[in-house]
Structure formats: C-alpha cells, structure tokens
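Participant: This is the structure, below, for whatever I ask next.
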Amino acid sequence: MGSCSHLRGADVAREQGPSRRYRGEVPSSSSSPEGIVDPRIRILAATVACLGRHGIAKTTVDDAAREAGVGRATVYRHFPDGKDQLISEAITWAVGQFFTELAAAVADAPDFATMMEQALLHAHRAVDDHEVLQKVLETEPERLMPQLTQSMPLVRAALAGYLSARLRRERLAPGVDADEAGEWLARMGLSFIVAGGSWDLTDPAEVSRLVRTELLAAVLAAE
C-alpha cells in the first residue's frame, strides 16, 4: 500500500512471487536468521521458523536460540520474560512483516481503488500460502487466536491511519470523513482478508466488484 512507513514493524520485506510460499523469514542478504544483523530481529525470525516446525506449545527458548545462532543469555537479554514474551512478540513481528510485504506488493497501484483490489488479492493469497500461519491454525488454533487478537488492534490502527492519509488525497463523496472512512475500510479489509465471506478473493473480477461497488461506492466521489 504505497509507502510502507505506516505499517513497518521491522525491515521492509522483499517481495516474493506468488509461486513461492512465504515462510516468515525476514528478507536480507540471506533468508536465514543468521543473515540478519540485528540480534533481536534474528531471534524473532528464528522463533517464527521454529513455530512453523514445532508449533507454539513445543517451541522452546533453546530452539529459538539455536535457530538464531545465539546463546540463551542473548535471548533472555532481549526477552526477559522468557518463552511467553518471545512467542507473543514473534507473532506480532510476523504480522508486521506480513503487512510490510503487502505494502510493497501494492506500492505501484495507480489509484486508490486499484490499490484496494491488489491488497485484497495479495493478502488473501498470502494468508492461504503462509506455511507457519496455516500449520499453527491447523494444529493449535486455540493457542494462536489469542495471540492474533492481541496484535490486531495495533494492525487495524496502523492500517486505518495509512488508508485515511491516502483518502485525504482523493476526491471523497459529500459528507465522508477520511478518518472514519479509513477506520471502516481497515476493519472491512481485515475481515475479508481473513474470511472472505461470500466473495471469491481469488477472482480479480469479483474483487474489483467488491471494492468498487461495495467498499468504495459511498466513499469516493463519482467520476
């Protein structure tokens, strides 16, 4: 979604093609945690990799330390509350990475409506193809959902702020407030990314109808 600054929780993620499954790695000169200079980010990336391999319940501080190539003391220096803090922050970091990649994927959209279309298509596909997310959703949804619930208010607020700023550069329908519209679009967009409802978010034509006739019909001024 244009500039990534409103959604950035870590380094900008490198765009990956639709045929390559996103595994939660932070992009750098190397896709492995060892290629990341910042030790805290390296530990978070390593923890996400461990979650995909072992799940939430079985991932340990030792696993994350070993994956990151650091000692236990280094992990506890950055995450003094241990495993619970490490898992929570790793999931929040992974969510931030997801939306950073989403921002990069739609950066070249020529207008607001096209940006929304591309964002829904990319995000829905990325959720389906995210190996770590899908594994944990399948095996431990009762452990993952509380973690995602903690992250979502921050994500929604950041997304709403970004959309509101973009809407201020658009011609809005009479009486539409950019902040209120941005908040509403953020809530609706997140719900469609996760669930889709009755809309087929793999079909570009259907996504275009959703965006232009449902989401934006009362937001943008008629052309």
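Residues are referred to by chain and number: the chain letter is A, B, ... according to the order shown in the structure tokens, the number counts from 1 in that chain, and ligands are numbered separately from 1 in the order shown.
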Per residue of segment 91-130 of chain A within 12 Å of segment 50-53 of chain A, what are the shortest atom pair and its distance in Å to one decimal, counting only C-alpha atoms, with rows by chain and residue number, as CSV?

Facilitator:
```
residue,atom,partner,partner_atom,distance
A:Ile91,CA,A:Leu51,CA,9.2
A:Ala94,CA,A:Leu51,CA,11.0
A:His130,CA,A:Gly52,CA,9.7
```

Participant: Based on DSSP run over this structure's backbone, return all residues of segment 45-202 of chain A in helix (DSSP H, G or I), as a PyMOL selection string.

Facilitator: chain A and resi 45-54+61-68+72-78+83-105+112-129+131-139+141-167+178-194

Participant: Using the selection just defined, write its residues with C-alpha atoms as a tab-separated table (two decimals), in the first residue's frame.

Facilitator:
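Result went into out.tsv, see below:
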```tsv
chain	number	residue	atom	x	y	z
A	45	ALA	CA	12.70	-14.57	12.73
A	46	ALA	CA	14.19	-17.73	14.21
A	47	THR	CA	11.24	-18.10	16.58
A	48	VAL	CA	8.76	-17.82	13.72
A	49	ALA	CA	10.70	-20.52	11.85
A	50	CYS	CA	10.53	-22.72	14.96
A	51	LEU	CA	6.79	-22.15	15.29
A	52	GLY	CA	6.34	-23.47	11.78
A	53	ARG	CA	8.45	-26.50	12.58
A	54	HIS	CA	7.39	-27.36	16.12
A	61	VAL	CA	13.75	-20.75	24.13
A	62	ASP	CA	16.54	-23.21	23.36
A	63	ASP	CA	15.02	-23.91	19.94
A	64	ALA	CA	14.88	-20.20	19.11
A	65	ALA	CA	18.41	-19.60	20.37
A	66	ARG	CA	19.79	-22.49	18.35
A	67	GLU	CA	17.92	-21.41	15.20
A	68	ALA	CA	19.16	-17.83	15.61
A	72	ARG	CA	20.13	-18.49	25.76
A	73	ALA	CA	21.50	-15.47	27.61
A	74	THR	CA	21.13	-13.35	24.48
A	75	VAL	CA	17.51	-14.43	24.06
A	76	TYR	CA	16.71	-13.58	27.69
A	77	ARG	CA	18.50	-10.25	27.39
A	78	HIS	CA	16.04	-9.24	24.68
A	83	LYS	CA	9.02	-18.05	26.22
A	84	ASP	CA	5.65	-16.33	26.62
A	85	GLN	CA	7.09	-12.94	25.72
A	86	LEU	CA	9.19	-14.42	22.92
A	87	ILE	CA	6.24	-16.19	21.28
A	88	SER	CA	3.95	-13.19	21.64
A	89	GLU	CA	6.43	-10.76	20.15
A	90	ALA	CA	7.44	-13.18	17.39
A	91	ILE	CA	3.82	-13.49	16.26
A	92	THR	CA	3.32	-9.73	16.40
A	93	TRP	CA	6.54	-9.29	14.40
A	94	ALA	CA	5.38	-11.83	11.81
A	95	VAL	CA	2.07	-9.97	11.43
A	96	GLY	CA	4.04	-6.76	10.90
A	97	GLN	CA	6.16	-8.47	8.26
A	98	PHE	CA	3.02	-9.67	6.50
A	99	PHE	CA	1.66	-6.15	6.17
A	100	THR	CA	5.05	-4.71	5.22
A	101	GLU	CA	5.12	-7.17	2.33
A	102	LEU	CA	1.54	-6.25	1.48
A	103	ALA	CA	2.53	-2.57	1.34
A	104	ALA	CA	5.41	-3.35	-1.00
A	105	ALA	CA	3.20	-5.51	-3.22
A	112	PHE	CA	-6.93	4.08	-4.51
A	113	ALA	CA	-9.44	1.58	-5.86
A	114	THR	CA	-6.77	-0.42	-7.68
A	115	MET	CA	-4.65	-0.40	-4.53
A	116	MET	CA	-7.55	-1.88	-2.54
A	117	GLU	CA	-8.12	-4.56	-5.18
A	118	GLN	CA	-4.46	-5.55	-5.30
A	119	ALA	CA	-4.22	-5.53	-1.50
A	120	LEU	CA	-7.16	-7.91	-1.05
A	121	LEU	CA	-5.94	-10.28	-3.76
A	122	HIS	CA	-2.37	-10.35	-2.46
A	123	ALA	CA	-3.28	-10.58	1.21
A	124	HIS	CA	-5.82	-13.36	0.81
A	125	ARG	CA	-3.36	-15.41	-1.24
A	126	ALA	CA	-0.55	-14.72	1.22
A	127	VAL	CA	-2.67	-15.92	4.16
A	128	ASP	CA	-3.51	-19.13	2.31
A	129	ASP	CA	0.15	-19.66	1.36
A	131	GLU	CA	3.13	-22.05	5.89
A	132	VAL	CA	3.70	-21.04	9.52
A	133	LEU	CA	0.26	-19.48	9.90
A	134	GLN	CA	-1.53	-22.37	8.24
A	135	LYS	CA	0.35	-25.00	10.24
A	136	VAL	CA	-0.43	-23.35	13.57
A	137	LEU	CA	-4.04	-22.62	12.58
A	138	GLU	CA	-4.44	-26.29	11.73
A	139	THR	CA	-2.75	-27.76	14.79
A	141	PRO	CA	-5.79	-22.58	16.75
A	142	GLU	CA	-6.67	-22.23	20.43
A	143	ARG	CA	-3.12	-21.02	21.13
A	144	LEU	CA	-2.74	-18.80	18.06
A	145	MET	CA	-6.01	-16.89	18.09
A	146	PRO	CA	-5.41	-15.13	21.45
A	147	GLN	CA	-2.01	-14.00	20.16
A	148	LEU	CA	-3.51	-12.65	16.94
A	149	THR	CA	-6.26	-10.95	18.92
A	150	GLN	CA	-3.60	-9.05	20.86
A	151	SER	CA	-1.92	-7.91	17.63
A	152	MET	CA	-4.99	-6.91	15.65
A	153	PRO	CA	-5.82	-3.58	17.35
A	154	LEU	CA	-2.32	-2.31	16.53
A	155	VAL	CA	-2.56	-3.58	12.97
A	156	ARG	CA	-6.03	-2.09	12.48
A	157	ALA	CA	-4.94	1.29	13.86
A	158	ALA	CA	-1.86	1.40	11.62
A	159	LEU	CA	-3.85	0.32	8.57
A	160	ALA	CA	-6.62	2.83	9.31
A	161	GLY	CA	-4.08	5.63	9.64
A	162	TYR	CA	-2.50	4.72	6.33
A	163	LEU	CA	-5.80	4.45	4.48
A	164	SER	CA	-7.04	7.73	5.96
A	165	ALA	CA	-3.90	9.51	4.79
A	166	ARG	CA	-4.36	8.09	1.29
A	167	LEU	CA	-8.04	9.06	1.27
A	178	ALA	CA	-11.34	10.48	5.72
A	179	ASP	CA	-10.56	9.24	9.24
A	180	GLU	CA	-13.90	7.49	9.68
A	181	ALA	CA	-13.72	6.00	6.19
A	182	GLY	CA	-10.16	4.80	6.78
A	183	GLU	CA	-11.18	3.09	10.01
A	184	TRP	CA	-14.16	1.41	8.35
A	185	LEU	CA	-12.13	0.25	5.36
A	186	ALA	CA	-9.43	-1.13	7.66
A	187	ARG	CA	-11.98	-3.17	9.62
A	188	MET	CA	-13.70	-4.42	6.48
A	189	GLY	CA	-10.45	-5.16	4.70
A	190	LEU	CA	-9.07	-7.21	7.58
A	191	SER	CA	-12.30	-9.19	7.86
A	192	PHE	CA	-12.23	-10.00	4.13
A	193	ILE	CA	-8.53	-10.95	4.26
A	194	VAL	CA	-9.22	-13.49	7.00
```

Participant: Figure out the distance between atom CA of Gly197 of chain A and atom CA of Asp177 of chain A, please, to one decimal in Å.

Facilitator: 26.3 Å

Participant: Mind giving me the straight-line distance from atom CA of Lys58 of chain A to atom CA of Asp81 of chain A in Å, one decimal?

Facilitator: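 So the answer is 17.3 Å.
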
Participant: Atom CA of Leu44 of chain A and atom CA of Glu140 of chain A are how many Å apart?

Facilitator: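 According to the coordinates, atom CA of Leu44 of chain A and atom CA of Glu140 of chain A are separated by 19.5 Å.
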
Participant: Given the choices A:Ala205, A:Ala195, A:Pro174, A:Pro39, which gets closest to Ala217 of chain A if the distance is worked out from only C-alpha atoms?

Facilitator: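 Using only C-alpha atoms, Ala217 of chain A sits closest to A:Pro174.
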